[in-house]
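Visitor: Below is a structure I'd like to ask you about.
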Amino acid sequence: MLRKIGILTSGGDSPGMNAAIRAVTRSALTKGIEVVGIRDGYRGLVEGNYENFTSSSVSETMSRGGTILGSARLPEFSEEAVMMKGVEQLKTAGIDALVVIGGDGTYRGADALTKKGVNCIALPGTIDNDIEGTDATIGFDTALTTIVECVDKLRDTSNSHHRCSVVEVMGNRCGDLAIYSGISCGAEILITPETGYDEEAVLEKLRYLEKKGKNHAIVIVSENVCDVKSLAQKITNVTGFSGTATILGHIQRGGSPTPVDRVLASRMGAKAVDLLVEGVGGHCVCIKNNTITSMPISECVSLPRSSRKEFYRLFDKLV
Ligand code: F6P
């Protein structure tokens, strides 16, 4: 019999986490299950930083970005002693099960905790869209919308000044934010973990676009693939464009979630509670063909990365 559940957000925050917290809280309370908000991810879990939640604890949170619970990264949580301290804290607080929201590191923590006897359900909360087994993660749509708004603005000014804007986007080894924004913004060049980086090929393509009469160009670059500042300098030095670098940075993680993210987070949050009530643990919630389902976390984290070839082929056709 499930009496009390905890909820936490861990890793990088993402817009829509609050909608998920709200959905978990309200659907659990409706079923007569108590809810405890755990502050600052696994760190708060280990330190016993807990607060009893009521329905009004999550009022007015749907439209807010970030996470009302706070978040943290705690790599030490994979150490047995640290995790067991957390398990003890949960027992003392009478918490039977957990919902955790975050990326793959958060998932691994939830799987390990389930193996220690605390049923956990994980929700994909990350702007990177780098969780396999789900068509979308909570926050991806909002971050993409932010990037598209920014790049559209850069295009206006780069058009007026014969510039080439080199824009770095986040993604943590996943090119989805780059390829989706590249297609949405009509970028000329993409540099992602999937494409790799060939500086000479990029410069050659820009010279070719110039010859074709292009007045400006947008290059979207996934973080950690190349140095956007030196690429922009090189563009200024060896092409007719003036290169400018823009690193969008954490602005991509903030802001009010889009309706798509709000609905996704609400559906996933409610599903997490249903699963815990059924006695399921060690699962993560996914959306597949607009249906909310779940799968074992261990299966999810070992899935190979799905191909984005169709997206890259489309991008090439549209330049
Ligand atoms: O996972 C989300 C993310 O924003 C990644 O895109 C990025 O690589 C990382 O987190 C940045 O982390 P931090 O907020 O710790 O700088």
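Ligands are numbered from 1 in the order shown, chains are lettered A, B, ... in the order of the structure tokens, and residues start at 1 in each chain.
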Please identify all polymer residues within 10 Å of Ser55 of chain A, counting only C-alpha atoms, omitting same-chain residues fewer than 6 positions from it, and present them as a PDB file with C-alpha atoms, in the first residue's frame.
Guide:
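Full text of around.pdb as output:
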```pdb
ATOM      1  CA  ARG A  22       2.391  19.766 -10.242  1.00  0.00           C
ATOM      2  CA  THR A  25       1.563  16.164  -6.671  1.00  0.00           C
ATOM      3  CA  ARG A  26      -2.057  16.664  -7.622  1.00  0.00           C
ATOM      4  CA  SER A  27      -2.643  13.193  -9.046  1.00  0.00           C
ATOM      5  CA  ALA A  28      -1.085  11.573  -5.976  1.00  0.00           C
ATOM      6  CA  LEU A  29      -3.109  13.730  -3.534  1.00  0.00           C
ATOM      7  CA  THR A  30      -6.284  12.852  -5.455  1.00  0.00           C
ATOM      8  CA  VAL A  35       3.602  13.982  -1.325  1.00  0.00           C
TER       9      VAL A  35
END
```
Visitor: I need the helix (DSSP H, G or I) residues of segment 10-152 of chain A per DSSP on the backbone, written as a compact mmCIF listing (two decimals) with N, CA and C atoms, in the first residue's frame.
Guide:
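Once written, out-v4.txt looks like this:
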```
# COMPACT_ATOMS: atom_id res chain seq x y z
N MET A 17 9.52 21.27 -15.99
CA MET A 17 9.69 20.46 -14.78
C MET A 17 8.60 20.79 -13.75
N ASN A 18 8.25 22.09 -13.66
CA ASN A 18 7.22 22.46 -12.67
C ASN A 18 5.85 21.87 -13.02
N ALA A 19 5.57 21.80 -14.31
CA ALA A 19 4.29 21.20 -14.72
C ALA A 19 4.27 19.72 -14.33
N ALA A 20 5.44 19.07 -14.42
CA ALA A 20 5.51 17.65 -14.03
C ALA A 20 5.36 17.50 -12.51
N ILE A 21 6.01 18.37 -11.76
CA ILE A 21 5.90 18.32 -10.29
C ILE A 21 4.44 18.52 -9.87
N ARG A 22 3.80 19.46 -10.54
CA ARG A 22 2.39 19.77 -10.24
C ARG A 22 1.50 18.55 -10.53
N ALA A 23 1.75 17.91 -11.69
CA ALA A 23 0.92 16.76 -12.07
C ALA A 23 1.12 15.60 -11.11
N VAL A 24 2.37 15.36 -10.72
CA VAL A 24 2.64 14.26 -9.77
C VAL A 24 1.94 14.57 -8.45
N THR A 25 2.12 15.79 -7.98
CA THR A 25 1.56 16.16 -6.67
C THR A 25 0.04 16.04 -6.66
N ARG A 26 -0.58 16.64 -7.65
CA ARG A 26 -2.06 16.66 -7.62
C ARG A 26 -2.64 15.29 -7.91
N SER A 27 -2.02 14.51 -8.82
CA SER A 27 -2.64 13.19 -9.05
C SER A 27 -2.42 12.28 -7.86
N ALA A 28 -1.29 12.41 -7.16
CA ALA A 28 -1.09 11.57 -5.98
C ALA A 28 -2.06 11.97 -4.86
N LEU A 29 -2.20 13.28 -4.61
CA LEU A 29 -3.11 13.73 -3.53
C LEU A 29 -4.54 13.26 -3.81
N THR A 30 -4.94 13.31 -5.07
CA THR A 30 -6.28 12.85 -5.45
C THR A 30 -6.49 11.39 -5.09
N GLY A 41 17.62 18.02 -5.75
CA GLY A 41 17.98 16.71 -6.32
C GLY A 41 18.44 15.69 -5.29
N TYR A 42 19.38 14.83 -5.74
CA TYR A 42 19.83 13.75 -4.86
C TYR A 42 20.59 14.30 -3.64
N ARG A 43 21.13 15.51 -3.76
CA ARG A 43 21.82 16.10 -2.61
C ARG A 43 20.82 16.30 -1.46
N GLY A 44 19.65 16.88 -1.79
CA GLY A 44 18.61 17.10 -0.79
C GLY A 44 18.06 15.78 -0.25
N LEU A 45 18.03 14.78 -1.13
CA LEU A 45 17.53 13.46 -0.69
C LEU A 45 18.45 12.90 0.41
N VAL A 46 19.76 13.02 0.16
CA VAL A 46 20.74 12.49 1.12
C VAL A 46 20.74 13.32 2.41
N GLU A 47 20.57 14.63 2.25
CA GLU A 47 20.65 15.52 3.43
C GLU A 47 19.31 15.65 4.16
N SER A 55 -1.77 20.68 -2.19
CA SER A 55 -2.14 21.08 -3.54
C SER A 55 -1.66 22.51 -3.83
N SER A 56 -1.70 23.37 -2.79
CA SER A 56 -1.32 24.77 -3.04
C SER A 56 0.20 24.94 -3.13
N SER A 57 0.97 23.93 -2.74
CA SER A 57 2.44 24.04 -2.91
C SER A 57 2.80 24.18 -4.39
N VAL A 58 1.91 23.67 -5.26
CA VAL A 58 2.23 23.71 -6.69
C VAL A 58 1.33 24.68 -7.46
N PRO A 75 27.42 13.61 -8.44
CA PRO A 75 28.01 12.37 -8.97
C PRO A 75 28.28 11.34 -7.87
N GLU A 76 28.52 11.81 -6.64
CA GLU A 76 28.81 10.89 -5.51
C GLU A 76 27.62 9.98 -5.19
N PHE A 77 26.45 10.29 -5.76
CA PHE A 77 25.29 9.47 -5.44
C PHE A 77 25.47 8.03 -5.93
N SER A 78 26.40 7.82 -6.85
CA SER A 78 26.65 6.44 -7.33
C SER A 78 27.46 5.64 -6.29
N GLU A 80 28.01 3.70 -2.92
CA GLU A 80 27.12 2.91 -2.06
C GLU A 80 26.78 3.63 -0.74
N ALA A 81 27.81 4.15 -0.06
CA ALA A 81 27.59 4.76 1.26
C ALA A 81 26.67 5.98 1.16
N VAL A 82 26.89 6.78 0.10
CA VAL A 82 26.08 8.00 -0.06
C VAL A 82 24.63 7.61 -0.35
N MET A 83 24.46 6.63 -1.23
CA MET A 83 23.10 6.21 -1.57
C MET A 83 22.38 5.62 -0.35
N MET A 84 23.10 4.81 0.44
CA MET A 84 22.45 4.19 1.60
C MET A 84 22.03 5.24 2.63
N LYS A 85 22.81 6.34 2.69
CA LYS A 85 22.40 7.43 3.59
C LYS A 85 21.05 7.99 3.10
N GLY A 86 20.92 8.10 1.80
CA GLY A 86 19.65 8.57 1.21
C GLY A 86 18.50 7.62 1.51
N VAL A 87 18.77 6.32 1.36
CA VAL A 87 17.72 5.32 1.62
C VAL A 87 17.25 5.44 3.08
N GLU A 88 18.19 5.64 4.00
CA GLU A 88 17.84 5.79 5.43
C GLU A 88 16.97 7.02 5.65
N GLN A 89 17.37 8.13 5.00
CA GLN A 89 16.59 9.37 5.14
C GLN A 89 15.15 9.17 4.65
N LEU A 90 15.00 8.45 3.55
CA LEU A 90 13.66 8.21 3.00
C LEU A 90 12.83 7.37 3.97
N LYS A 91 13.49 6.35 4.54
CA LYS A 91 12.79 5.48 5.51
C LYS A 91 12.32 6.29 6.71
N THR A 92 13.23 7.12 7.23
CA THR A 92 12.89 7.94 8.40
C THR A 92 11.69 8.84 8.11
N ASP A 104 19.95 11.44 -18.10
CA ASP A 104 20.38 10.04 -17.94
C ASP A 104 21.09 9.77 -16.60
N GLY A 105 21.81 10.77 -16.06
CA GLY A 105 22.45 10.58 -14.75
C GLY A 105 21.38 10.36 -13.67
N THR A 106 20.32 11.13 -13.78
CA THR A 106 19.20 11.02 -12.84
C THR A 106 18.56 9.63 -12.96
N TYR A 107 18.45 9.16 -14.21
CA TYR A 107 17.86 7.84 -14.46
C TYR A 107 18.67 6.74 -13.77
N ARG A 108 19.99 6.84 -13.89
CA ARG A 108 20.84 5.78 -13.30
C ARG A 108 20.68 5.77 -11.78
N GLY A 109 20.58 6.96 -11.18
CA GLY A 109 20.37 7.05 -9.72
C GLY A 109 19.05 6.38 -9.34
N ALA A 110 18.02 6.61 -10.15
CA ALA A 110 16.69 6.05 -9.85
C ALA A 110 16.71 4.53 -9.96
N ASP A 111 17.44 4.03 -10.94
CA ASP A 111 17.52 2.58 -11.13
C ASP A 111 18.24 1.94 -9.93
N ALA A 112 19.33 2.59 -9.51
CA ALA A 112 20.10 2.05 -8.38
C ALA A 112 19.27 2.08 -7.09
N LEU A 113 18.51 3.16 -6.90
CA LEU A 113 17.67 3.26 -5.69
C LEU A 113 16.58 2.19 -5.68
N THR A 114 16.02 1.92 -6.86
CA THR A 114 14.98 0.88 -6.95
C THR A 114 15.57 -0.46 -6.53
N LYS A 115 16.81 -0.69 -6.95
CA LYS A 115 17.46 -1.97 -6.58
C LYS A 115 17.69 -2.05 -5.08
N PHE A 140 12.51 20.22 -24.24
CA PHE A 140 13.14 20.33 -25.57
C PHE A 140 12.39 21.34 -26.43
N ASP A 141 11.06 21.24 -26.45
CA ASP A 141 10.28 22.12 -27.32
C ASP A 141 10.47 23.59 -26.94
N THR A 142 10.55 23.85 -25.62
CA THR A 142 10.72 25.24 -25.17
C THR A 142 12.12 25.76 -25.55
N ALA A 143 13.15 24.94 -25.31
CA ALA A 143 14.51 25.38 -25.63
C ALA A 143 14.64 25.62 -27.14
N LEU A 144 14.03 24.74 -27.91
CA LEU A 144 14.07 24.90 -29.37
C LEU A 144 13.39 26.21 -29.78
N THR A 145 12.26 26.49 -29.14
CA THR A 145 11.53 27.73 -29.45
C THR A 145 12.40 28.95 -29.13
N THR A 146 13.10 28.90 -27.99
CA THR A 146 13.98 30.01 -27.61
C THR A 146 15.09 30.19 -28.64
N ILE A 147 15.69 29.07 -29.05
CA ILE A 147 16.79 29.16 -30.03
C ILE A 147 16.27 29.77 -31.34
N VAL A 148 15.12 29.29 -31.77
CA VAL A 148 14.58 29.78 -33.05
C VAL A 148 14.30 31.29 -32.98
N GLU A 149 13.75 31.73 -31.85
CA GLU A 149 13.50 33.18 -31.69
C GLU A 149 14.82 33.96 -31.79
N CYS A 150 15.85 33.46 -31.12
CA CYS A 150 17.15 34.17 -31.12
C CYS A 150 17.77 34.17 -32.50
N VAL A 151 17.76 33.01 -33.16
CA VAL A 151 18.43 32.93 -34.47
C VAL A 151 17.67 33.77 -35.51
N ASP A 152 16.34 33.80 -35.41
CA ASP A 152 15.58 34.65 -36.34
C ASP A 152 16.03 36.11 -36.20
```
Visitor: Taking only C-alpha atoms into account, name the residue in A:Thr137, A:Ala93, A:Gly196, A:Tyr50 that is nearest to Arg262 of chain A.
Guide: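 Of all the options, A:Thr137 lies closest to Arg262 of chain A.
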Visitor: Would you mind telling me which residue in A:Glu278, A:Asp135, A:Asp176, A:Glu200 lies nearest to ligand 1 when using only C-alpha atoms and all ligand atoms?
Guide: A:Asp176
Visitor: Counting only C-alpha atoms and all ligand atoms, what residues are within 10 Å of ligand 1, given as an MDAnalysis selection string?
Guide: chainID A and resid 11:14 72:73 102:105 125:130 139:140 143 169:174 177 222:224 249:254
Visitor: Can you list every residue in segment 43-227 of chain A that DSSP puts in strand (DSSP E or B), as JSON, numbers by chain?
Guide: {"A": [50, 51, 52, 53, 97, 98, 99, 100, 101, 102, 119, 120, 121, 122, 123, 124, 125, 138, 163, 164, 165, 166, 167, 168, 169, 189, 190, 191, 217, 218, 219, 220, 221, 222]}
Visitor: Any chance you could export the current selection's C-alpha atoms as a tab-separated table (two decimals), in the first residue's frame?
Guide:
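Produced file result.tsv, reproduced below:
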```tsv
chain	number	residue	atom	x	y	z
A	50	TYR	CA	12.23	17.59	2.57
A	51	GLU	CA	8.94	19.49	2.65
A	52	ASN	CA	5.39	18.14	2.85
A	53	PHE	CA	3.47	19.26	-0.22
A	97	ALA	CA	8.53	5.54	-3.47
A	98	LEU	CA	9.95	8.34	-5.61
A	99	VAL	CA	9.40	10.23	-8.84
A	100	VAL	CA	12.62	11.74	-10.22
A	101	ILE	CA	12.81	14.16	-13.13
A	102	GLY	CA	16.03	14.69	-15.07
A	119	ASN	CA	10.52	2.06	-6.18
A	120	CYS	CA	11.41	4.95	-8.46
A	121	ILE	CA	9.86	6.25	-11.66
A	122	ALA	CA	11.95	8.57	-13.85
A	123	LEU	CA	10.63	11.32	-16.14
A	124	PRO	CA	12.77	12.72	-18.99
A	125	GLY	CA	13.44	16.32	-17.99
A	138	ILE	CA	10.30	17.72	-21.21
A	163	ARG	CA	27.55	38.82	-41.89
A	164	CYS	CA	27.89	35.17	-41.14
A	165	SER	CA	26.46	34.42	-37.69
A	166	VAL	CA	28.00	31.40	-36.02
A	167	VAL	CA	25.60	30.33	-33.26
A	168	GLU	CA	26.46	27.80	-30.56
A	169	VAL	CA	23.57	25.84	-29.07
A	189	ILE	CA	25.54	25.19	-42.34
A	190	LEU	CA	25.28	22.74	-39.44
A	191	ILE	CA	28.10	21.47	-37.25
A	217	ALA	CA	24.67	33.07	-43.64
A	218	ILE	CA	23.80	31.26	-40.42
A	219	VAL	CA	25.98	28.46	-39.06
A	220	ILE	CA	24.49	26.45	-36.17
A	221	VAL	CA	27.04	24.64	-34.03
A	222	SER	CA	26.42	22.11	-31.24
```
Visitor: Atom CA of Val238 of chain A to atom CA of Ala187 of chain A: how many Å, to one decimal?
Guide: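 Calculated distance between atom CA of Val238 of chain A and atom CA of Ala187 of chain A is 20.3 Å.
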Visitor: Between A:Gly133, A:Glu204, A:Gly70, A:Arg267, which one has atoms that come closest to His283 of chain A, using only C-alpha atoms?
Guide: A:Gly133
Visitor: Find the distance between atom CA of Gly32 of chain A and atom CA of Ser63 of chain A and write it in Å to one decimal.
Guide: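 According to the coordinates, atom CA of Gly32 of chain A and atom CA of Ser63 of chain A are separated by 25.9 Å.
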Visitor: Between A:Ser230, A:Ser158, A:Thr54, A:Ser10, single out the one closest to Leu69 of chain A, counting only C-alpha atoms.
Guide: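 Checking each candidate against Leu69 of chain A, we get A:Ser10 as the closest.
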